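Coordinates from start_20.cif are shown below (mmCIF, C-alpha atoms and all ligand atoms).
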```cif
data_input
#
loop_
_atom_site.group_PDB
_atom_site.id
_atom_site.type_symbol
_atom_site.label_atom_id
_atom_site.label_comp_id
_atom_site.auth_asym_id
_atom_site.auth_seq_id
_atom_site.Cartn_x
_atom_site.Cartn_y
_atom_site.Cartn_z
ATOM 1 C CA MET A 1 -15.153 10.246 12.708
ATOM 2 C CA LYS A 2 -11.889 11.893 13.706
ATOM 3 C CA LEU A 3 -8.451 10.553 12.808
ATOM 4 C CA LYS A 4 -7.667 9.911 16.478
ATOM 5 C CA ASN A 5 -10.894 7.920 16.957
ATOM 6 C CA LEU A 6 -10.146 5.710 13.975
ATOM 7 C CA GLU A 7 -6.626 5.158 15.270
ATOM 8 C CA MET A 8 -7.937 4.155 18.707
ATOM 9 C CA MET A 9 -10.440 1.736 17.179
ATOM 10 C CA LEU A 10 -7.838 0.091 14.942
ATOM 11 C CA GLN A 11 -5.575 -0.197 17.984
ATOM 12 C CA ARG A 12 -8.031 -2.741 19.386
ATOM 13 C CA LEU A 13 -7.514 -5.248 16.563
ATOM 14 C CA GLY A 14 -5.594 -8.484 17.062
ATOM 15 C CA GLY A 15 -2.338 -9.267 15.256
ATOM 16 C CA PHE A 16 -1.183 -12.215 13.122
ATOM 17 C CA PRO A 17 -1.621 -15.422 15.173
ATOM 18 C CA LYS A 18 1.481 -16.981 13.584
ATOM 19 C CA PRO A 19 3.275 -14.389 11.450
ATOM 20 C CA ARG A 20 5.063 -15.868 8.432
ATOM 21 C CA ALA A 21 8.316 -14.229 7.377
ATOM 22 C CA THR A 22 8.167 -15.504 3.793
ATOM 23 C CA LEU A 23 4.863 -13.690 3.287
ATOM 24 C CA GLU A 24 6.219 -10.578 5.062
ATOM 25 C CA GLN A 25 3.330 -10.543 7.481
ATOM 26 C CA TYR A 26 3.659 -7.247 9.305
ATOM 27 C CA GLN A 27 0.475 -5.643 10.534
ATOM 28 C CA THR A 28 0.259 -1.963 9.635
ATOM 29 C CA PRO A 29 0.416 -0.035 12.930
ATOM 30 C CA ALA A 30 -2.859 1.744 13.717
ATOM 31 C CA PRO A 31 -1.477 5.321 13.379
ATOM 32 C CA LEU A 32 -0.071 4.616 9.904
ATOM 33 C CA ALA A 33 -3.201 2.750 8.760
ATOM 34 C CA ALA A 34 -5.402 5.610 10.029
ATOM 35 C CA ARG A 35 -3.205 8.167 8.265
ATOM 36 C CA LEU A 36 -3.465 6.341 4.916
ATOM 37 C CA LEU A 37 -7.223 5.909 5.235
ATOM 38 C CA PHE A 38 -7.898 9.494 6.322
ATOM 39 C CA HIS A 39 -5.813 10.815 3.489
ATOM 40 C CA ALA A 40 -7.861 8.694 1.066
ATOM 41 C CA LEU A 41 -11.100 9.824 2.744
ATOM 42 C CA MET A 42 -10.166 13.493 2.240
ATOM 43 C CA LYS A 43 -9.550 12.745 -1.444
ATOM 44 C CA GLN A 44 -13.122 11.343 -1.713
ATOM 45 C CA ASP A 45 -11.747 7.856 -2.337
ATOM 46 C CA ILE A 46 -13.366 5.984 0.599
ATOM 47 C CA GLU A 47 -16.860 7.154 1.524
ATOM 48 C CA GLY A 48 -19.467 5.530 -0.732
ATOM 49 C CA ARG A 49 -16.698 3.812 -2.680
ATOM 50 C CA LYS A 50 -16.095 0.177 -3.457
ATOM 51 C CA VAL A 51 -12.763 -0.574 -1.781
ATOM 52 C CA CYS A 52 -10.368 -3.539 -2.114
ATOM 53 C CA ASP A 53 -7.480 -4.353 0.232
ATOM 54 C CA LEU A 54 -4.812 -6.543 -1.395
ATOM 55 C CA GLY A 55 -2.874 -8.765 1.020
ATOM 56 C CA SER A 56 -5.341 -7.787 3.710
ATOM 57 C CA GLY A 57 -3.616 -9.740 6.510
ATOM 58 C CA THR A 58 -5.462 -9.164 9.774
ATOM 59 C CA GLY A 59 -7.687 -6.641 8.016
ATOM 60 C CA VAL A 60 -6.587 -3.310 9.506
ATOM 61 C CA LEU A 61 -6.890 -1.282 6.282
ATOM 62 C CA ALA A 62 -10.051 -3.036 5.062
ATOM 63 C CA ILE A 63 -11.826 -2.669 8.405
ATOM 64 C CA GLY A 64 -10.793 0.980 8.683
ATOM 65 C CA ALA A 65 -12.190 1.657 5.193
ATOM 66 C CA ALA A 66 -15.508 0.092 6.198
ATOM 67 C CA LEU A 67 -15.640 2.229 9.369
ATOM 68 C CA LEU A 68 -15.094 5.348 7.238
ATOM 69 C CA GLY A 69 -18.159 4.578 5.135
ATOM 70 C CA ALA A 70 -16.973 2.610 2.101
ATOM 71 C CA SER A 71 -19.994 1.182 0.275
ATOM 72 C CA SER A 72 -18.363 -2.264 0.171
ATOM 73 C CA VAL A 73 -14.976 -3.631 1.187
ATOM 74 C CA THR A 74 -13.244 -6.799 0.008
ATOM 75 C CA GLY A 75 -9.980 -8.051 1.504
ATOM 76 C CA ILE A 76 -7.876 -10.507 -0.514
ATOM 77 C CA GLU A 77 -5.348 -12.588 1.403
ATOM 78 C CA ILE A 78 -3.371 -15.737 0.541
ATOM 79 C CA ASP A 79 -3.105 -17.014 4.114
ATOM 80 C CA GLU A 80 -6.220 -18.673 5.470
ATOM 81 C CA GLN A 81 -5.169 -18.201 9.098
ATOM 82 C CA ALA A 82 -4.827 -14.464 8.537
ATOM 83 C CA VAL A 83 -8.298 -14.376 6.971
ATOM 84 C CA ARG A 84 -9.729 -16.026 10.088
ATOM 85 C CA ALA A 85 -7.991 -13.414 12.246
ATOM 86 C CA ALA A 86 -9.341 -10.664 9.967
ATOM 87 C CA ASP A 87 -12.899 -12.007 10.269
ATOM 88 C CA ALA A 88 -12.542 -11.992 14.054
ATOM 89 C CA ASN A 89 -11.185 -8.441 13.923
ATOM 90 C CA ALA A 90 -14.117 -7.271 11.782
ATOM 91 C CA GLY A 91 -16.386 -8.739 14.467
ATOM 92 C CA ILE A 92 -14.636 -6.742 17.211
ATOM 93 C CA LEU A 93 -15.484 -3.447 15.475
ATOM 94 C CA ASP A 94 -18.709 -4.636 13.851
ATOM 95 C CA ALA A 95 -17.315 -3.776 10.413
ATOM 96 C CA ASP A 96 -18.887 -5.155 7.242
ATOM 97 C CA VAL A 97 -15.993 -6.585 5.213
ATOM 98 C CA THR A 98 -15.717 -9.671 3.003
ATOM 99 C CA PHE A 99 -12.356 -11.405 3.314
ATOM 100 C CA ILE A 100 -11.428 -13.870 0.569
ATOM 101 C CA VAL A 101 -8.585 -16.398 0.516
ATOM 102 C CA ALA A 102 -6.891 -15.858 -2.859
ATOM 103 C CA ASP A 103 -3.514 -15.196 -4.467
ATOM 104 C CA ILE A 104 -3.273 -11.710 -5.937
ATOM 105 C CA ARG A 105 -0.845 -13.152 -8.555
ATOM 106 C CA ASN A 106 -3.749 -15.070 -10.119
ATOM 107 C CA PRO A 107 -4.399 -13.231 -13.422
ATOM 108 C CA ASP A 108 -8.095 -14.231 -13.334
ATOM 109 C CA LEU A 109 -8.664 -12.564 -9.969
ATOM 110 C CA PRO A 110 -9.566 -9.020 -11.154
ATOM 111 C CA ALA A 111 -12.257 -10.413 -13.472
ATOM 112 C CA LYS A 112 -13.557 -12.646 -10.680
ATOM 113 C CA ILE A 113 -13.969 -9.980 -8.029
ATOM 114 C CA GLY A 114 -14.931 -7.236 -10.456
ATOM 115 C CA PRO A 115 -13.748 -3.640 -10.683
ATOM 116 C CA CYS A 116 -13.600 -1.427 -7.607
ATOM 117 C CA ASP A 117 -13.079 2.316 -7.045
ATOM 118 C CA THR A 118 -10.129 2.309 -4.675
ATOM 119 C CA VAL A 119 -7.396 -0.137 -3.677
ATOM 120 C CA VAL A 120 -5.643 0.218 -0.323
ATOM 121 C CA MET A 121 -2.691 -2.015 0.437
ATOM 122 C CA ASN A 122 0.453 -2.639 2.413
ATOM 123 C CA PRO A 123 2.149 -5.189 0.173
ATOM 124 C CA PRO A 124 5.298 -7.165 1.042
ATOM 125 C CA PHE A 125 8.221 -4.755 0.575
ATOM 126 C CA GLY A 126 10.319 -7.425 -1.090
ATOM 127 C CA ALA A 127 12.729 -7.864 1.836
ATOM 128 C CA GLN A 128 12.334 -11.645 1.670
ATOM 129 C CA LYS A 129 11.655 -11.987 -2.036
ATOM 130 C CA ALA A 130 12.815 -9.272 -4.442
ATOM 131 C CA HIS A 131 10.052 -7.419 -6.294
ATOM 132 C CA ALA A 132 7.320 -9.112 -4.258
ATOM 133 C CA ASP A 133 5.378 -5.840 -4.459
ATOM 134 C CA ARG A 134 5.161 -5.843 -8.271
ATOM 135 C CA PRO A 135 2.267 -8.308 -8.686
ATOM 136 C CA PHE A 136 0.407 -6.265 -6.066
ATOM 137 C CA ILE A 137 0.848 -3.125 -8.159
ATOM 138 C CA ASP A 138 -0.296 -4.992 -11.276
ATOM 139 C CA CYS A 139 -3.373 -6.390 -9.547
ATOM 140 C CA ALA A 140 -4.221 -2.974 -8.054
ATOM 141 C CA LEU A 141 -4.036 -1.278 -11.468
ATOM 142 C CA ALA A 142 -6.230 -4.006 -12.970
ATOM 143 C CA LEU A 143 -8.841 -3.472 -10.260
ATOM 144 C CA ALA A 144 -9.142 0.237 -9.603
ATOM 145 C CA PRO A 145 -8.434 3.713 -11.008
ATOM 146 C CA VAL A 146 -6.954 4.837 -7.660
ATOM 147 C CA THR A 147 -4.532 3.015 -5.350
ATOM 148 C CA TYR A 148 -3.036 3.914 -1.970
ATOM 149 C CA SER A 149 -0.059 1.776 -1.080
ATOM 150 C CA ILE A 150 2.663 1.732 1.570
ATOM 151 C CA PHE A 151 6.241 1.269 0.365
ATOM 152 C CA ASN A 152 9.736 1.567 1.792
ATOM 153 C CA ALA A 153 10.858 5.205 1.811
ATOM 154 C CA GLY A 154 12.660 5.987 -1.431
ATOM 155 C CA SER A 155 10.583 3.576 -3.534
ATOM 156 C CA ALA A 156 8.811 6.270 -5.572
ATOM 157 C CA PRO A 157 11.332 6.350 -8.467
ATOM 158 C CA PHE A 158 11.107 2.561 -8.804
ATOM 159 C CA VAL A 159 7.328 2.560 -8.653
ATOM 160 C CA LYS A 160 7.271 5.379 -11.201
ATOM 161 C CA ALA A 161 9.518 3.422 -13.581
ATOM 162 C CA TYR A 162 7.576 0.199 -13.053
ATOM 163 C CA THR A 163 4.193 1.821 -13.758
ATOM 164 C CA GLU A 164 5.444 4.031 -16.625
ATOM 165 C CA GLY A 165 2.677 4.496 -19.191
ATOM 166 C CA ARG A 166 0.132 2.779 -16.921
ATOM 167 C CA ALA A 167 -0.193 5.116 -13.927
ATOM 168 C CA GLU A 168 1.057 8.337 -12.342
ATOM 169 C CA ILE A 169 2.143 8.920 -8.771
ATOM 170 C CA ALA A 170 -0.205 11.700 -7.733
ATOM 171 C CA GLU A 171 1.064 12.099 -4.157
ATOM 172 C CA LYS A 172 3.596 10.883 -1.679
ATOM 173 C CA VAL A 173 3.078 11.024 2.090
ATOM 174 C CA GLY A 174 5.888 10.093 4.449
ATOM 175 C CA GLY A 175 5.409 7.981 7.560
ATOM 176 C CA ALA A 176 7.060 5.682 10.064
ATOM 177 C CA PHE A 177 6.496 1.954 10.494
ATOM 178 C CA PRO A 178 7.644 0.663 13.861
ATOM 179 C CA ILE A 179 8.231 -3.079 13.477
ATOM 180 C CA LYS A 180 8.167 -5.078 16.698
ATOM 181 C CA ARG A 181 10.517 -8.035 17.127
ATOM 182 C CA THR A 182 8.628 -10.763 15.255
ATOM 183 C CA PHE A 183 11.049 -13.085 13.522
ATOM 184 C CA ALA A 184 14.298 -14.768 14.626
ATOM 185 C CA PHE A 185 16.363 -12.569 12.294
ATOM 186 C CA HIS A 186 15.136 -9.402 14.036
ATOM 187 C CA THR A 187 17.840 -7.992 16.302
ATOM 188 C CA LYS A 188 15.979 -5.123 18.002
ATOM 189 C CA ASP A 189 12.819 -5.014 20.103
ATOM 190 C CA VAL A 190 11.433 -2.321 17.838
ATOM 191 C CA GLN A 191 12.911 -1.227 14.549
ATOM 192 C CA GLU A 192 11.401 1.856 13.018
ATOM 193 C CA ILE A 193 11.527 1.981 9.248
ATOM 194 C CA GLU A 194 10.704 4.990 7.114
ATOM 195 C CA VAL A 195 7.904 4.429 4.659
ATOM 196 C CA GLU A 196 5.939 6.371 2.086
ATOM 197 C CA ILE A 197 2.311 6.181 1.134
ATOM 198 C CA LEU A 198 1.891 6.616 -2.617
ATOM 199 C CA ARG A 199 -1.356 7.544 -4.327
ATOM 200 C CA LEU A 200 -1.358 6.057 -7.807
ATOM 201 C CA ILE A 201 -3.781 7.200 -10.476
ATOM 202 C CA ARG A 202 -4.266 4.808 -13.358
ATOM 203 C CA ASN A 203 -3.952 6.321 -16.823
ATOM 204 C CA GLN A 204 -7.196 6.549 -18.784
HETATM 205 N N1 LIG B 301 -2.578 -5.402 4.789
HETATM 206 C C1 LIG B 301 -2.242 -5.939 6.103
HETATM 207 C C2 LIG B 301 -1.096 -6.956 6.038
HETATM 208 C C3 LIG B 301 0.211 -6.447 5.474
HETATM 209 S S1 LIG B 301 1.460 -7.722 5.401
HETATM 210 C C4 LIG B 301 -1.934 -4.790 7.021
HETATM 211 O O1 LIG B 301 -1.844 -3.674 6.514
HETATM 212 O O2 LIG B 301 -1.778 -4.991 8.218
HETATM 213 C C5 LIG B 301 1.299 -8.308 3.699
HETATM 214 C C6 LIG B 301 0.189 -9.338 3.547
HETATM 215 O O3 LIG B 301 0.189 -9.786 2.184
HETATM 216 C C7 LIG B 301 0.366 -10.582 4.408
HETATM 217 O O4 LIG B 301 -0.804 -10.810 5.154
HETATM 218 C C8 LIG B 301 0.608 -11.713 3.405
HETATM 219 O O5 LIG B 301 0.137 -12.969 3.830
HETATM 220 C C9 LIG B 301 -0.129 -11.183 2.182
HETATM 221 N N2 LIG B 301 0.327 -11.746 0.912
HETATM 222 C C10 LIG B 301 1.617 -11.993 0.533
HETATM 223 N N3 LIG B 301 1.649 -12.496 -0.716
HETATM 224 C C11 LIG B 301 0.346 -12.572 -1.143
HETATM 225 C C12 LIG B 301 -0.282 -12.996 -2.361
HETATM 226 N N4 LIG B 301 0.460 -13.433 -3.392
HETATM 227 N N5 LIG B 301 -1.624 -12.926 -2.465
HETATM 228 C C13 LIG B 301 -2.374 -12.464 -1.429
HETATM 229 N N6 LIG B 301 -1.841 -12.056 -0.254
HETATM 230 C C14 LIG B 301 -0.504 -12.099 -0.106
#
```

Turn this file's structure into structure tokens for me.
Ligand code: SAH
Amino acid sequence: MKLKNLEMMLQRLGGFPKPRATLEQYQTPAPLAARLLFHALMKQDIEGRKVCDLGSGTGVLAIGAALLGASSVTGIEIDEQAVRAADANAGILDADVTFIVADIRNPDLPAKIGPCDTVVMNPPFGAQKAHADRPFIDCALALAPVTYSIFNAGSAPFVKAYTEGRAEIAEKVGGAFPIKRTFAFHTKDVQEIEVEILRLIRNQ
């Protein structure tokens, strides 16, 4: 499959039925999701791999990973409504993904769902709750040797410091995240924020 095809397929997916600001529910736009997934595919981290999506929301990243040939995909999401939307989205593209309602802060979760090869995620950036992305990083490192995650541009030094001794940032890819007016505190119709995709490799 070509990057453009994946992007067009992901474009067809539905959004959050009732987005919740406290959970920072922003669907990854199809071009950015496709870019992350293709990058991971080129690094041999998707095809034939067991993939987990943490905070899977409406399932864009998880579904894309399944379409690119992951051997199994699990999406973990705290919000039941989002999981229902994700299941419906998987149906639209006939993608084989298991979405589970769970809190990634639960320390028993990694043992429950078992190890995987690759984590993909677009965690809350911490705009509503400082450091909201940290438990996502911890859970990702507990689950998989390789993680692809979207952060605010300029986050790399903080992620590096936070994961010191546990993981290395192997790559950084820049991107844009156009956020449509979703919540009352949004003042523009579309606000484009700069983001970076980090590839984290867990230390042996
Ligand atoms: N991965 C999706 C959604 C990104 S928004 C996408 O790329 O489109 C971040 C998601 O993390 C939201 O769906 C939110 O409900 C979920 N989330 C926030 N805190 C969580 C937690 N503690 N455990 C599991 N999911 C959580």

Taking all atoms listed in the file into account, which residues have an atom no farther than 8 Å from ligand LIG 301 (chain B)? I'd like them as a PyMOL selection string. chain A and resi 20+23-29+33+53-62+76-79+82+101-105+121-124+132+135-136

Go through A:Ala144, A:Lys172, A:Gln191, A:Ala21 one by one, measure the shortest atom-to-atom distance of each to Val159 in chain A using all atoms listed in the file, and give the residue with the smallest value. A:Lys172

Could you check how far CA of Cys139 in chain A sits from CA of Pro178 in chain A, in Å to one decimal? 26.8 Å

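Once the PyMOL selection byres (((chain A and resi 107-113) around 6) and not hetatm) is applied to the depicted file, the selected set reads Asn106, Gly114 and Leu143 of chain A.
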
First collect every listed atom of range 7-22 of chain A; then fit an axis-aligned box around them, widen it by 8 Å on each side, and give centre and edge lengths in Å to one decimal, as AutoDock Vina command-line options.
```
--center_x -1.1 --center_y -5.9 --center_z 11.6 --size_x 34.8 --size_y 38.1 --size_z 31.6
```

May I ask for the distance between CA of Val173 in chain A and CA of Ile197 in chain A, given in Å to one decimal place?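 CA of Ile197 in chain A lies at a distance of 5.0 Å from CA of Val173 in chain A.
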
Kindly resolve the PyMOL selection byres (((chain A and resi 67) around 10) and not hetatm) on the present coordinates and return the residues as a ChimeraX atom specification. /A:1,6,9-10,46-47,61-66,68-70,90,93-97

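Shortest atom-to-atom contact with Gly126 in chain A among A:Gln204, A:Ala140, A:Asn89, A:Asn152: A:Asn152, counting only C-alpha atoms.
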
Result set of the PyMOL selection byres (((chain A and resi 180) around 6) and not hetatm) on the coordinates above, as a VMD selection string: chain A and resid 179 181 to 182 189 to 190

So how many Å separate CA of Ala142 in chain A and CA of Lys160 in chain A, to one decimal?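 Between CA of Ala142 in chain A and CA of Lys160 in chain A the gap works out to 16.5 Å.
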
Minimum-distance residue to Pro145 in chain A, chosen among A:Leu198, A:Leu32, A:Cys116, A:Cys52 (using all atoms listed in the file): A:Cys116
